[in-house]
Amino acid sequence: MAFFLETLFGGLMAGMLYSLVALGFVLIFKASGVFNFAQGAMVLVAALCMARFAEWIPAWTGLESKALANLMAFAVSVVFMFLLAWVIERLVLRHLVNQEGVTLLMATLGITYFIDGFGQTLFGSDIYKIDVGMPKDPVFILDSLFEGGVLISQEDVVAALVAAVLVAALSVFFQKTGTGRALRAVADDHQAAQSIGIPLNRIWVIVWCVAGITALVAGIIWGSKLGVQFSLTTVALRALPVIILGGLTSVPGAIIGGLIIGVGEKLSEVYLGPLVGGGIEIWFAYMLALVFLLFRPQGLFGEKIIDRV
């Protein structure tokens, strides 16, 4: 039982991180109706910005406090992601309002390659380290219930808690603020939102800024775990089954889909992997997503695309 709980907790922690990346896809799709292929590149460039400024700020200022340097680097990274969102809207999206979805899709592909190249030019192409003080050592819990206790990763727990707080904050933002309600109105119907005076261009800037913040948090967490390298863009691929399962138009679906994928990967690898030679964790999520595409393409909580037209 203890081993099962270890596997279950590990899956839940991984699922929260998948959900965090998937949120960026869902937010932009709800506001603009476009699948944002640039989300993985945004995670990478945000992590690069955080890692490099965490190095540069102490070197430039002589600052010895790592916590303060990380805080300043985070603030700079937030501003950088906001500026990036503004530039994307100003130079690209503004000129594509009311265009076909495939046009916007191709635009995000172009943005992806631009961000990849721009990030490499600006911040370098080496492997960089992000150290925000997340605990690395695993600990044992529930010693009184199970002999030897249950081993969990403190880093995964902290990362999952950060992701949960961000998700809760986004939920409050969308449900309780005027800007959030405007974003939901745009998500429901672009033309109707414009007809009542909601500026579509400004909404797109806001939603790209919010997606940039989620990309920054995801980049910091994944960069702390794996190091900041250009393969970090592939993290976005792990989020694709999540949004297919949960629904491309559903924020709660991104969360629940991530948890299902995370738990399913871990349990299937541990309990079914030995029977088939292992490797299930690599393809489990994609096979599950394929099943949903065949029988429920809108996902668990998404709406049919035909209903949005």
# chains A, B, ... in the order shown; residues from 1 in each chain; ligands from 1

$ select_by_dssp --residues "stretch 13-180 of chain A" --states "alpha helix (DSSP H)" --output "JSON list (two decimals) with N, CA and C atoms, in the first residue's frame"
[["chain", "number", "residue", "atom", "x", "y", "z"],
["A", 13, "MET", "N", 1.78, 14.87, -8.45],
["A", 13, "MET", "CA", 2.72, 15.99, -8.52],
["A", 13, "MET", "C", 3.09, 16.28, -9.98],
["A", 14, "ALA", "N", 3.39, 15.23, -10.74],
["A", 14, "ALA", "CA", 3.73, 15.42, -12.16],
["A", 14, "ALA", "C", 2.53, 15.98, -12.92],
["A", 15, "GLY", "N", 1.33, 15.52, -12.58],
["A", 15, "GLY", "CA", 0.12, 15.98, -13.25],
["A", 15, "GLY", "C", -0.13, 17.47, -13.07],
["A", 16, "MET", "N", 0.18, 18.00, -11.88],
["A", 16, "MET", "CA", 0.01, 19.43, -11.65],
["A", 16, "MET", "C", 0.94, 20.24, -12.55],
["A", 17, "LEU", "N", 2.14, 19.74, -12.77],
["A", 17, "LEU", "CA", 3.08, 20.46, -13.64],
["A", 17, "LEU", "C", 2.63, 20.40, -15.10],
["A", 18, "TYR", "N", 2.10, 19.25, -15.51],
["A", 18, "TYR", "CA", 1.54, 19.17, -16.86],
["A", 18, "TYR", "C", 0.38, 20.16, -17.02],
["A", 19, "SER", "N", -0.45, 20.24, -16.00],
["A", 19, "SER", "CA", -1.60, 21.15, -16.04],
["A", 19, "SER", "C", -1.17, 22.60, -16.18],
["A", 20, "LEU", "N", -0.07, 22.94, -15.51],
["A", 20, "LEU", "CA", 0.41, 24.31, -15.56],
["A", 20, "LEU", "C", 0.79, 24.72, -16.98],
["A", 21, "VAL", "N", 1.44, 23.82, -17.71],
["A", 21, "VAL", "CA", 1.80, 24.11, -19.09],
["A", 21, "VAL", "C", 0.54, 24.13, -19.97],
["A", 22, "ALA", "N", -0.37, 23.19, -19.71],
["A", 22, "ALA", "CA", -1.60, 23.10, -20.51],
["A", 22, "ALA", "C", -2.45, 24.36, -20.36],
["A", 23, "LEU", "N", -2.39, 25.01, -19.19],
["A", 23, "LEU", "CA", -3.19, 26.21, -18.97],
["A", 23, "LEU", "C", -2.89, 27.29, -20.00],
["A", 24, "GLY", "N", -1.61, 27.42, -20.37],
["A", 24, "GLY", "CA", -1.26, 28.44, -21.36],
["A", 24, "GLY", "C", -1.95, 28.20, -22.69],
["A", 25, "PHE", "N", -2.03, 26.93, -23.11],
["A", 25, "PHE", "CA", -2.74, 26.60, -24.34],
["A", 25, "PHE", "C", -4.22, 26.97, -24.22],
["A", 26, "VAL", "N", -4.83, 26.57, -23.11],
["A", 26, "VAL", "CA", -6.28, 26.77, -22.94],
["A", 26, "VAL", "C", -6.62, 28.25, -22.88],
["A", 27, "LEU", "N", -5.84, 29.04, -22.14],
["A", 27, "LEU", "CA", -6.14, 30.47, -21.99],
["A", 27, "LEU", "C", -6.13, 31.18, -23.34],
["A", 28, "ILE", "N", -5.11, 30.93, -24.13],
["A", 28, "ILE", "CA", -5.00, 31.62, -25.41],
["A", 28, "ILE", "C", -6.06, 31.12, -26.39],
["A", 29, "PHE", "N", -6.35, 29.82, -26.37],
["A", 29, "PHE", "CA", -7.39, 29.32, -27.28],
["A", 29, "PHE", "C", -8.75, 29.91, -26.93],
["A", 30, "LYS", "N", -9.06, 30.02, -25.63],
["A", 30, "LYS", "CA", -10.36, 30.56, -25.23],
["A", 30, "LYS", "C", -10.51, 32.02, -25.65],
["A", 31, "ALA", "N", -9.41, 32.77, -25.61],
["A", 31, "ALA", "CA", -9.51, 34.20, -25.91],
["A", 31, "ALA", "C", -9.41, 34.50, -27.40],
["A", 32, "SER", "N", -8.65, 33.69, -28.14],
["A", 32, "SER", "CA", -8.41, 34.03, -29.54],
["A", 32, "SER", "C", -8.87, 32.96, -30.51],
["A", 39, "GLN", "N", 3.61, 28.09, -27.07],
["A", 39, "GLN", "CA", 3.62, 27.99, -25.62],
["A", 39, "GLN", "C", 4.90, 27.33, -25.09],
["A", 40, "GLY", "N", 5.37, 26.28, -25.77],
["A", 40, "GLY", "CA", 6.61, 25.64, -25.35],
["A", 40, "GLY", "C", 7.80, 26.58, -25.45],
["A", 41, "ALA", "N", 7.86, 27.36, -26.52],
["A", 41, "ALA", "CA", 8.94, 28.34, -26.66],
["A", 41, "ALA", "C", 8.84, 29.42, -25.60],
["A", 42, "MET", "N", 7.61, 29.79, -25.20],
["A", 42, "MET", "CA", 7.44, 30.77, -24.14],
["A", 42, "MET", "C", 7.96, 30.24, -22.80],
["A", 43, "VAL", "N", 7.71, 28.95, -22.53],
["A", 43, "VAL", "CA", 8.25, 28.34, -21.31],
["A", 43, "VAL", "C", 9.78, 28.41, -21.32],
["A", 44, "LEU", "N", 10.38, 28.11, -22.47],
["A", 44, "LEU", "CA", 11.83, 28.13, -22.58],
["A", 44, "LEU", "C", 12.40, 29.52, -22.39],
["A", 45, "VAL", "N", 11.88, 30.51, -23.10],
["A", 45, "VAL", "CA", 12.47, 31.84, -23.03],
["A", 45, "VAL", "C", 12.24, 32.47, -21.66],
["A", 46, "ALA", "N", 11.12, 32.15, -21.01],
["A", 46, "ALA", "CA", 10.88, 32.64, -19.66],
["A", 46, "ALA", "C", 11.89, 32.05, -18.68],
["A", 47, "ALA", "N", 12.15, 30.75, -18.81],
["A", 47, "ALA", "CA", 13.13, 30.10, -17.94],
["A", 47, "ALA", "C", 14.53, 30.64, -18.20],
["A", 48, "LEU", "N", 14.87, 30.87, -19.48],
["A", 48, "LEU", "CA", 16.18, 31.44, -19.82],
["A", 48, "LEU", "C", 16.35, 32.82, -19.20],
["A", 49, "CYS", "N", 15.31, 33.63, -19.30],
["A", 49, "CYS", "CA", 15.37, 34.99, -18.74],
["A", 49, "CYS", "C", 15.59, 34.93, -17.23],
["A", 50, "MET", "N", 14.86, 34.06, -16.55],
["A", 50, "MET", "CA", 15.00, 33.92, -15.10],
["A", 50, "MET", "C", 16.40, 33.44, -14.74],
["A", 51, "ALA", "N", 16.89, 32.42, -15.42],
["A", 51, "ALA", "CA", 18.20, 31.85, -15.10],
["A", 51, "ALA", "C", 19.33, 32.85, -15.32],
["A", 52, "ARG", "N", 19.27, 33.56, -16.45],
["A", 52, "ARG", "CA", 20.38, 34.46, -16.79],
["A", 52, "ARG", "C", 20.39, 35.70, -15.91],
["A", 53, "PHE", "N", 19.22, 36.28, -15.64],
["A", 53, "PHE", "CA", 19.20, 37.46, -14.80],
["A", 53, "PHE", "C", 19.52, 37.12, -13.35],
["A", 54, "ALA", "N", 19.21, 35.90, -12.92],
["A", 54, "ALA", "CA", 19.62, 35.47, -11.57],
["A", 54, "ALA", "C", 21.14, 35.42, -11.46],
["A", 55, "GLU", "N", 21.83, 35.21, -12.60],
["A", 55, "GLU", "CA", 23.30, 35.26, -12.62],
["A", 55, "GLU", "C", 23.80, 36.69, -12.79],
["A", 56, "TRP", "N", 23.18, 37.43, -13.70],
["A", 56, "TRP", "CA", 23.68, 38.75, -14.06],
["A", 56, "TRP", "C", 23.49, 39.78, -12.95],
["A", 57, "ILE", "N", 22.36, 39.75, -12.28],
["A", 57, "ILE", "CA", 22.07, 40.78, -11.28],
["A", 57, "ILE", "C", 23.11, 40.80, -10.16],
["A", 58, "PRO", "N", 23.48, 39.66, -9.55],
["A", 58, "PRO", "CA", 24.55, 39.72, -8.54],
["A", 58, "PRO", "C", 25.88, 40.18, -9.11],
["A", 59, "ALA", "N", 26.18, 39.77, -10.37],
["A", 59, "ALA", "CA", 27.44, 40.19, -10.99],
["A", 59, "ALA", "C", 27.47, 41.69, -11.25],
["A", 60, "TRP", "N", 26.33, 42.26, -11.62],
["A", 60, "TRP", "CA", 26.27, 43.69, -11.92],
["A", 60, "TRP", "C", 26.22, 44.56, -10.66],
["A", 61, "THR", "N", 25.53, 44.06, -9.64],
["A", 61, "THR", "CA", 25.27, 44.89, -8.45],
["A", 61, "THR", "C", 26.09, 44.50, -7.23],
["A", 66, "LYS", "N", 20.93, 35.56, -2.33],
["A", 66, "LYS", "CA", 20.39, 34.79, -3.44],
["A", 66, "LYS", "C", 18.88, 34.98, -3.55],
["A", 67, "ALA", "N", 18.19, 35.07, -2.41],
["A", 67, "ALA", "CA", 16.74, 35.23, -2.44],
["A", 67, "ALA", "C", 16.35, 36.55, -3.10],
["A", 68, "LEU", "N", 17.05, 37.62, -2.74],
["A", 68, "LEU", "CA", 16.75, 38.93, -3.34],
["A", 68, "LEU", "C", 17.10, 38.94, -4.82],
["A", 69, "ALA", "N", 18.20, 38.29, -5.18],
["A", 69, "ALA", "CA", 18.57, 38.23, -6.60],
["A", 69, "ALA", "C", 17.52, 37.46, -7.40],
["A", 70, "ASN", "N", 17.03, 36.36, -6.84],
["A", 70, "ASN", "CA", 15.97, 35.59, -7.52],
["A", 70, "ASN", "C", 14.69, 36.40, -7.64],
["A", 71, "LEU", "N", 14.36, 37.16, -6.60],
["A", 71, "LEU", "CA", 13.15, 37.99, -6.63],
["A", 71, "LEU", "C", 13.26, 39.06, -7.71],
["A", 72, "MET", "N", 14.42, 39.69, -7.80],
["A", 72, "MET", "CA", 14.63, 40.71, -8.83],
["A", 72, "MET", "C", 14.62, 40.09, -10.22],
["A", 73, "ALA", "N", 15.22, 38.92, -10.35],
["A", 73, "ALA", "CA", 15.22, 38.23, -11.65],
["A", 73, "ALA", "C", 13.81, 37.84, -12.05],
["A", 74, "PHE", "N", 12.99, 37.43, -11.08],
["A", 74, "PHE", "CA", 11.60, 37.09, -11.37],
["A", 74, "PHE", "C", 10.84, 38.32, -11.85],
["A", 75, "ALA", "N", 11.06, 39.46, -11.17],
["A", 75, "ALA", "CA", 10.38, 40.70, -11.57],
["A", 75, "ALA", "C", 10.79, 41.11, -12.99],
["A", 76, "VAL", "N", 12.08, 41.01, -13.29],
["A", 76, "VAL", "CA", 12.54, 41.34, -14.64],
["A", 76, "VAL", "C", 11.93, 40.39, -15.66],
["A", 77, "SER", "N", 11.82, 39.11, -15.30],
["A", 77, "SER", "CA", 11.26, 38.12, -16.22],
["A", 77, "SER", "C", 9.78, 38.38, -16.48],
["A", 78, "VAL", "N", 9.05, 38.82, -15.45],
["A", 78, "VAL", "CA", 7.64, 39.17, -15.63],
["A", 78, "VAL", "C", 7.51, 40.32, -16.61],
["A", 79, "VAL", "N", 8.32, 41.36, -16.43],
["A", 79, "VAL", "CA", 8.29, 42.50, -17.34],
["A", 79, "VAL", "C", 8.65, 42.06, -18.76],
["A", 80, "PHE", "N", 9.65, 41.19, -18.86],
["A", 80, "PHE", "CA", 10.07, 40.70, -20.17],
["A", 80, "PHE", "C", 8.94, 39.95, -20.87],
["A", 81, "MET", "N", 8.23, 39.09, -20.14],
["A", 81, "MET", "CA", 7.13, 38.33, -20.73],
["A", 81, "MET", "C", 5.97, 39.25, -21.11],
["A", 82, "PHE", "N", 5.73, 40.30, -20.32],
["A", 82, "PHE", "CA", 4.69, 41.27, -20.66],
["A", 82, "PHE", "C", 5.07, 42.00, -21.95],
["A", 83, "LEU", "N", 6.32, 42.42, -22.06],
["A", 83, "LEU", "CA", 6.77, 43.11, -23.28],
["A", 83, "LEU", "C", 6.69, 42.19, -24.49],
["A", 84, "LEU", "N", 7.04, 40.92, -24.29],
["A", 84, "LEU", "CA", 6.95, 39.96, -25.38],
["A", 84, "LEU", "C", 5.50, 39.80, -25.85],
["A", 85, "ALA", "N", 4.58, 39.72, -24.88],
["A", 85, "ALA", "CA", 3.15, 39.62, -25.22],
["A", 85, "ALA", "C", 2.69, 40.85, -26.00],
["A", 86, "TRP", "N", 3.13, 42.02, -25.56],
["A", 86, "TRP", "CA", 2.73, 43.27, -26.23],
["A", 86, "TRP", "C", 3.27, 43.31, -27.66],
["A", 87, "VAL", "N", 4.52, 42.89, -27.84],
["A", 87, "VAL", "CA", 5.12, 42.90, -29.18],
["A", 87, "VAL", "C", 4.39, 41.91, -30.09],
["A", 88, "ILE", "N", 4.06, 40.73, -29.56],
["A", 88, "ILE", "CA", 3.35, 39.73, -30.37],
["A", 88, "ILE", "C", 2.00, 40.27, -30.82],
["A", 89, "GLU", "N", 1.28, 40.91, -29.91],
["A", 89, "GLU", "CA", -0.02, 41.46, -30.28],
["A", 89, "GLU", "C", 0.13, 42.62, -31.26],
["A", 90, "ARG", "N", 1.10, 43.48, -31.00],
["A", 90, "ARG", "CA", 1.26, 44.70, -31.80],
["A", 90, "ARG", "C", 1.71, 44.39, -33.22],
["A", 91, "LEU", "N", 2.65, 43.46, -33.36],
["A", 91, "LEU", "CA", 3.24, 43.21, -34.67],
["A", 91, "LEU", "C", 2.59, 42.07, -35.44],
["A", 101, "GLY", "N", -8.81, 30.55, -38.71],
["A", 101, "GLY", "CA", -8.04, 29.91, -37.64],
["A", 101, "GLY", "C", -6.70, 29.38, -38.10],
["A", 102, "VAL", "N", -6.65, 28.86, -39.34],
["A", 102, "VAL", "CA", -5.40, 28.30, -39.84],
["A", 102, "VAL", "C", -4.34, 29.40, -40.01],
["A", 103, "THR", "N", -4.79, 30.62, -40.30],
["A", 103, "THR", "CA", -3.86, 31.74, -40.43],
["A", 103, "THR", "C", -3.22, 32.06, -39.08],
["A", 104, "LEU", "N", -4.05, 32.09, -38.04],
["A", 104, "LEU", "CA", -3.54, 32.33, -36.70],
["A", 104, "LEU", "C", -2.63, 31.20, -36.24],
["A", 105, "LEU", "N", -2.99, 29.98, -36.61],
["A", 105, "LEU", "CA", -2.17, 28.83, -36.25],
["A", 105, "LEU", "C", -0.77, 28.94, -36.85],
["A", 106, "MET", "N", -0.71, 29.28, -38.13],
["A", 106, "MET", "CA", 0.58, 29.44, -38.78],
["A", 106, "MET", "C", 1.36, 30.60, -38.18],
["A", 107, "ALA", "N", 0.64, 31.63, -37.74],
["A", 107, "ALA", "CA", 1.31, 32.75, -37.10],
["A", 107, "ALA", "C", 2.00, 32.31, -35.81],
["A", 108, "THR", "N", 1.35, 31.46, -35.03],
["A", 108, "THR", "CA", 1.98, 30.99, -33.78],
["A", 108, "THR", "C", 3.18, 30.09, -34.07],
["A", 109, "LEU", "N", 3.15, 29.37, -35.20],
["A", 109, "LEU", "CA", 4.33, 28.59, -35.58],
["A", 109, "LEU", "C", 5.51, 29.52, -35.87],
["A", 110, "GLY", "N", 5.23, 30.60, -36.59],
["A", 110, "GLY", "CA", 6.28, 31.57, -36.86],
["A", 110, "GLY", "C", 6.80, 32.21, -35.58],
["A", 111, "ILE", "N", 5.88, 32.52, -34.65],
["A", 111, "ILE", "CA", 6.27, 33.09, -33.36],
["A", 111, "ILE", "C", 7.16, 32.11, -32.59],
["A", 112, "THR", "N", 6.84, 30.82, -32.69],
["A", 112, "THR", "CA", 7.64, 29.80, -32.00],
["A", 112, "THR", "C", 9.11, 29.86, -32.43],
["A", 113, "TYR", "N", 9.34, 29.84, -33.75],
["A", 113, "TYR", "CA", 10.71, 29.83, -34.24],
["A", 113, "TYR", "C", 11.42, 31.16, -33.95],
["A", 114, "PHE", "N", 10.66, 32.25, -33.99],
["A", 114, "PHE", "CA", 11.27, 33.54, -33.65],
["A", 114, "PHE", "C", 11.71, 33.56, -32.20],
["A", 115, "ILE", "N", 10.84, 33.10, -31.27],
["A", 115, "ILE", "CA", 11.17, 33.12, -29.85],
["A", 115, "ILE", "C", 12.36, 32.21, -29.57],
["A", 116, "ASP", "N", 12.39, 31.04, -30.21],
["A", 116, "ASP", "CA", 13.53, 30.13, -30.03],
["A", 116, "ASP", "C", 14.85, 30.80, -30.43],
["A", 117, "GLY", "N", 14.86, 31.39, -31.60],
["A", 117, "GLY", "CA", 16.08, 32.04, -32.08],
["A", 117, "GLY", "C", 16.42, 33.28, -31.27],
["A", 118, "PHE", "N", 15.40, 34.07, -30.93],
["A", 118, "PHE", "CA", 15.63, 35.29, -30.16],
["A", 118, "PHE", "C", 16.17, 34.95, -28.77],
["A", 119, "GLY", "N", 15.61, 33.91, -28.15],
["A", 119, "GLY", "CA", 16.09, 33.51, -26.83],
["A", 119, "GLY", "C", 17.54, 33.06, -26.86],
["A", 120, "GLN", "N", 17.91, 32.31, -27.89],
["A", 120, "GLN", "CA", 19.29, 31.85, -28.02],
["A", 120, "GLN", "C", 20.23, 33.03, -28.25],
["A", 121, "THR", "N", 19.81, 33.97, -29.06],
["A", 121, "THR", "CA", 20.65, 35.15, -29.33],
["A", 121, "THR", "C", 20.83, 36.01, -28.10],
["A", 122, "LEU", "N", 19.75, 36.18, -27.35],
["A", 122, "LEU", "CA", 19.76, 37.10, -26.21],
["A", 122, "LEU", "C", 20.39, 36.49, -24.96],
["A", 123, "PHE", "N", 20.12, 35.22, -24.71],
["A", 123, "PHE", "CA", 20.53, 34.62, -23.43],
["A", 123, "PHE", "C", 21.58, 33.54, -23.56],
["A", 154, "GLN", "N", 10.16, 16.34, -1.84],
["A", 154, "GLN", "CA", 9.79, 17.67, -1.37],
["A", 154, "GLN", "C", 9.71, 18.67, -2.52],
["A", 155, "GLU", "N", 10.60, 18.52, -3.47],
["A", 155, "GLU", "CA", 10.60, 19.42, -4.63],
["A", 155, "GLU", "C", 9.30, 19.31, -5.41],
["A", 156, "ASP", "N", 8.84, 18.07, -5.60],
["A", 156, "ASP", "CA", 7.58, 17.87, -6.33],
["A", 156, "ASP", "C", 6.40, 18.44, -5.55],
["A", 157, "VAL", "N", 6.42, 18.31, -4.24],
["A", 157, "VAL", "CA", 5.33, 18.83, -3.41],
["A", 157, "VAL", "C", 5.29, 20.36, -3.51],
["A", 158, "VAL", "N", 6.45, 20.99, -3.37],
["A", 158, "VAL", "CA", 6.50, 22.46, -3.45],
["A", 158, "VAL", "C", 6.05, 22.92, -4.83],
["A", 159, "ALA", "N", 6.53, 22.25, -5.88],
["A", 159, "ALA", "CA", 6.15, 22.62, -7.25],
["A", 159, "ALA", "C", 4.64, 22.48, -7.45],
["A", 160, "ALA", "N", 4.07, 21.39, -6.93],
["A", 160, "ALA", "CA", 2.63, 21.19, -7.07],
["A", 160, "ALA", "C", 1.84, 22.24, -6.31],
["A", 161, "LEU", "N", 2.32, 22.62, -5.13],
["A", 161, "LEU", "CA", 1.63, 23.66, -4.35],
["A", 161, "LEU", "C", 1.68, 25.01, -5.07],
["A", 162, "VAL", "N", 2.83, 25.34, -5.65],
["A", 162, "VAL", "CA", 2.95, 26.59, -6.41],
["A", 162, "VAL", "C", 1.99, 26.57, -7.59],
["A", 163, "ALA", "N", 1.94, 25.45, -8.30],
["A", 163, "ALA", "CA", 1.03, 25.32, -9.44],
["A", 163, "ALA", "C", -0.42, 25.45, -8.98],
["A", 164, "ALA", "N", -0.76, 24.85, -7.84],
["A", 164, "ALA", "CA", -2.13, 24.91, -7.34],
["A", 164, "ALA", "C", -2.52, 26.34, -6.96],
["A", 165, "VAL", "N", -1.58, 27.07, -6.34],
["A", 165, "VAL", "CA", -1.85, 28.47, -5.97],
["A", 165, "VAL", "C", -2.08, 29.31, -7.22],
["A", 166, "LEU", "N", -1.25, 29.10, -8.24],
["A", 166, "LEU", "CA", -1.42, 29.87, -9.48],
["A", 166, "LEU", "C", -2.75, 29.56, -10.14],
["A", 167, "VAL", "N", -3.12, 28.29, -10.15],
["A", 167, "VAL", "CA", -4.40, 27.90, -10.74],
["A", 167, "VAL", "C", -5.56, 28.55, -9.98],
["A", 168, "ALA", "N", -5.49, 28.54, -8.65],
["A", 168, "ALA", "CA", -6.53, 29.16, -7.83],
["A", 168, "ALA", "C", -6.61, 30.66, -8.10],
["A", 169, "ALA", "N", -5.44, 31.31, -8.22],
["A", 169, "ALA", "CA", -5.42, 32.75, -8.49],
["A", 169, "ALA", "C", -6.03, 33.05, -9.85],
["A", 170, "LEU", "N", -5.74, 32.23, -10.85],
["A", 170, "LEU", "CA", -6.33, 32.43, -12.17],
["A", 170, "LEU", "C", -7.84, 32.24, -12.14],
["A", 171, "SER", "N", -8.30, 31.27, -11.36],
["A", 171, "SER", "CA", -9.74, 31.03, -11.25],
["A", 171, "SER", "C", -10.44, 32.24, -10.65],
["A", 172, "VAL", "N", -9.85, 32.80, -9.60],
["A", 172, "VAL", "CA", -10.43, 34.01, -8.99],
["A", 172, "VAL", "C", -10.40, 35.16, -9.98],
["A", 173, "PHE", "N", -9.30, 35.30, -10.70],
["A", 173, "PHE", "CA", -9.16, 36.38, -11.68],
["A", 173, "PHE", "C", -10.26, 36.30, -12.74],
["A", 174, "PHE", "N", -10.51, 35.11, -13.26],
["A", 174, "PHE", "CA", -11.50, 34.96, -14.32],
["A", 174, "PHE", "C", -12.93, 35.10, -13.80],
["A", 175, "GLN", "N", -13.19, 34.71, -12.57],
["A", 175, "GLN", "CA", -14.55, 34.70, -12.06],
["A", 175, "GLN", "C", -14.95, 35.99, -11.36],
["A", 176, "LYS", "N", -14.00, 36.70, -10.74],
["A", 176, "LYS", "CA", -14.35, 37.80, -9.83],
["A", 176, "LYS", "C", -13.96, 39.18, -10.33],
["A", 178, "GLY", "N", -13.46, 42.30, -13.34],
["A", 178, "GLY", "CA", -14.07, 42.79, -14.57],
["A", 178, "GLY", "C", -13.29, 42.36, -15.80],
["A", 179, "THR", "N", -11.96, 42.40, -15.71],
["A", 179, "THR", "CA", -11.14, 41.96, -16.83],
["A", 179, "THR", "C", -11.34, 40.48, -17.11],
["A", 180, "GLY", "N", -11.45, 39.70, -16.04],
["A", 180, "GLY", "CA", -11.69, 38.27, -16.22],
["A", 180, "GLY", "C", -13.01, 37.99, -16.90]]

$ residues_around --residues "stretch 267-276 of chain A" --least-positions-apart "4" --cutoff "8 Å" --atoms "only C-alpha atoms" --output "VMD selection string"
chain A and resid 7 to 8 11 263 280 to 281 284

$ write_last_selection --atoms "N, CA, C and O atoms" --output "PDB file, in the first residue's frame"
ATOM      1  N   THR A   7       3.631   6.000  -5.578  1.00  0.00           N
ATOM      2  CA  THR A   7       3.411   6.140  -7.024  1.00  0.00           C
ATOM      3  C   THR A   7       2.279   7.118  -7.301  1.00  0.00           C
ATOM      4  O   THR A   7       2.370   7.953  -8.216  1.00  0.00           O
ATOM      5  N   LEU A   8       1.202   7.023  -6.512  1.00  0.00           N
ATOM      6  CA  LEU A   8       0.058   7.913  -6.697  1.00  0.00           C
ATOM      7  C   LEU A   8       0.441   9.361  -6.448  1.00  0.00           C
ATOM      8  O   LEU A   8       0.111  10.254  -7.252  1.00  0.00           O
ATOM      9  N   GLY A  11       2.527  10.688  -9.275  1.00  0.00           N
ATOM     10  CA  GLY A  11       1.709  10.987 -10.443  1.00  0.00           C
ATOM     11  C   GLY A  11       0.934  12.279 -10.297  1.00  0.00           C
ATOM     12  O   GLY A  11       0.827  13.063 -11.249  1.00  0.00           O
ATOM     13  N   VAL A 263      -1.113  10.605 -13.024  1.00  0.00           N
ATOM     14  CA  VAL A 263      -1.334   9.382 -12.260  1.00  0.00           C
ATOM     15  C   VAL A 263      -1.324   8.168 -13.175  1.00  0.00           C
ATOM     16  O   VAL A 263      -0.724   7.126 -12.855  1.00  0.00           O
ATOM     17  N   ILE A 280       6.008   2.267 -20.907  1.00  0.00           N
ATOM     18  CA  ILE A 280       4.614   2.709 -21.037  1.00  0.00           C
ATOM     19  C   ILE A 280       4.484   4.196 -20.747  1.00  0.00           C
ATOM     20  O   ILE A 280       3.688   4.904 -21.369  1.00  0.00           O
ATOM     21  N   GLU A 281       5.273   4.691 -19.816  1.00  0.00           N
ATOM     22  CA  GLU A 281       5.171   6.097 -19.419  1.00  0.00           C
ATOM     23  C   GLU A 281       5.416   7.038 -20.592  1.00  0.00           C
ATOM     24  O   GLU A 281       4.925   8.171 -20.607  1.00  0.00           O
ATOM     25  N   PHE A 284       1.878   6.349 -22.906  1.00  0.00           N
ATOM     26  CA  PHE A 284       0.558   6.170 -22.302  1.00  0.00           C
ATOM     27  C   PHE A 284      -0.355   7.372 -22.544  1.00  0.00           C
ATOM     28  O   PHE A 284      -1.516   7.230 -22.953  1.00  0.00           O
TER      29      PHE A 284
END

$ select_by_dssp --residues "stretch 28-199 of chain A" --states "strand (DSSP E)" --output "list in words"
Pro138, Val139, Phe140, Ile141, Val150, Leu151, Ile152 and Ser153 of chain A

$ atom_distance --atom1 "atom CA of A:Ala182" --atom2 "atom CA of A:Ala211"
16.1 Å

$ closest_residue --among "A:Leu290, A:Val132, A:Ile127, A:Val242" --to "A:Ile221" --atoms "only C-alpha atoms"
A:Val132

$ closest_residue --among "A:Leu293, A:Cys209, A:Leu226, A:Leu232" --to "A:Leu248" --atoms "only C-alpha atoms"
A:Leu293

$ atom_distance --atom1 "atom CA of A:Leu237" --atom2 "atom CA of A:Ser250"
18.2 Å

$ residues_around --residues "stretch 286-289 of chain A" --least-positions-apart "5" --cutoff "9 Å" --atoms "only C-alpha atoms" --output "list in words"
Arg238, Leu240, Pro241, Val242, Ile243, Ile244, Leu245, Ile261, Leu294, Pro297 and Gly299 of chain A

$ atom_distance --atom1 "atom CA of A:Arg181" --atom2 "atom CA of A:Phe301"
19.6 Å

$ closest_residue --among "A:Ala239, A:Asp131, A:Leu200, A:Gly277" --to "A:Leu259" --atoms "only C-alpha atoms"
A:Ala239

$ residues_around --residues "A:Glu6" --least-positions-apart "2" --cutoff "7 Å" --atoms "only C-alpha atoms" --output "PyMOL selection string"
chain A and resi 2-4+8-10+150-152
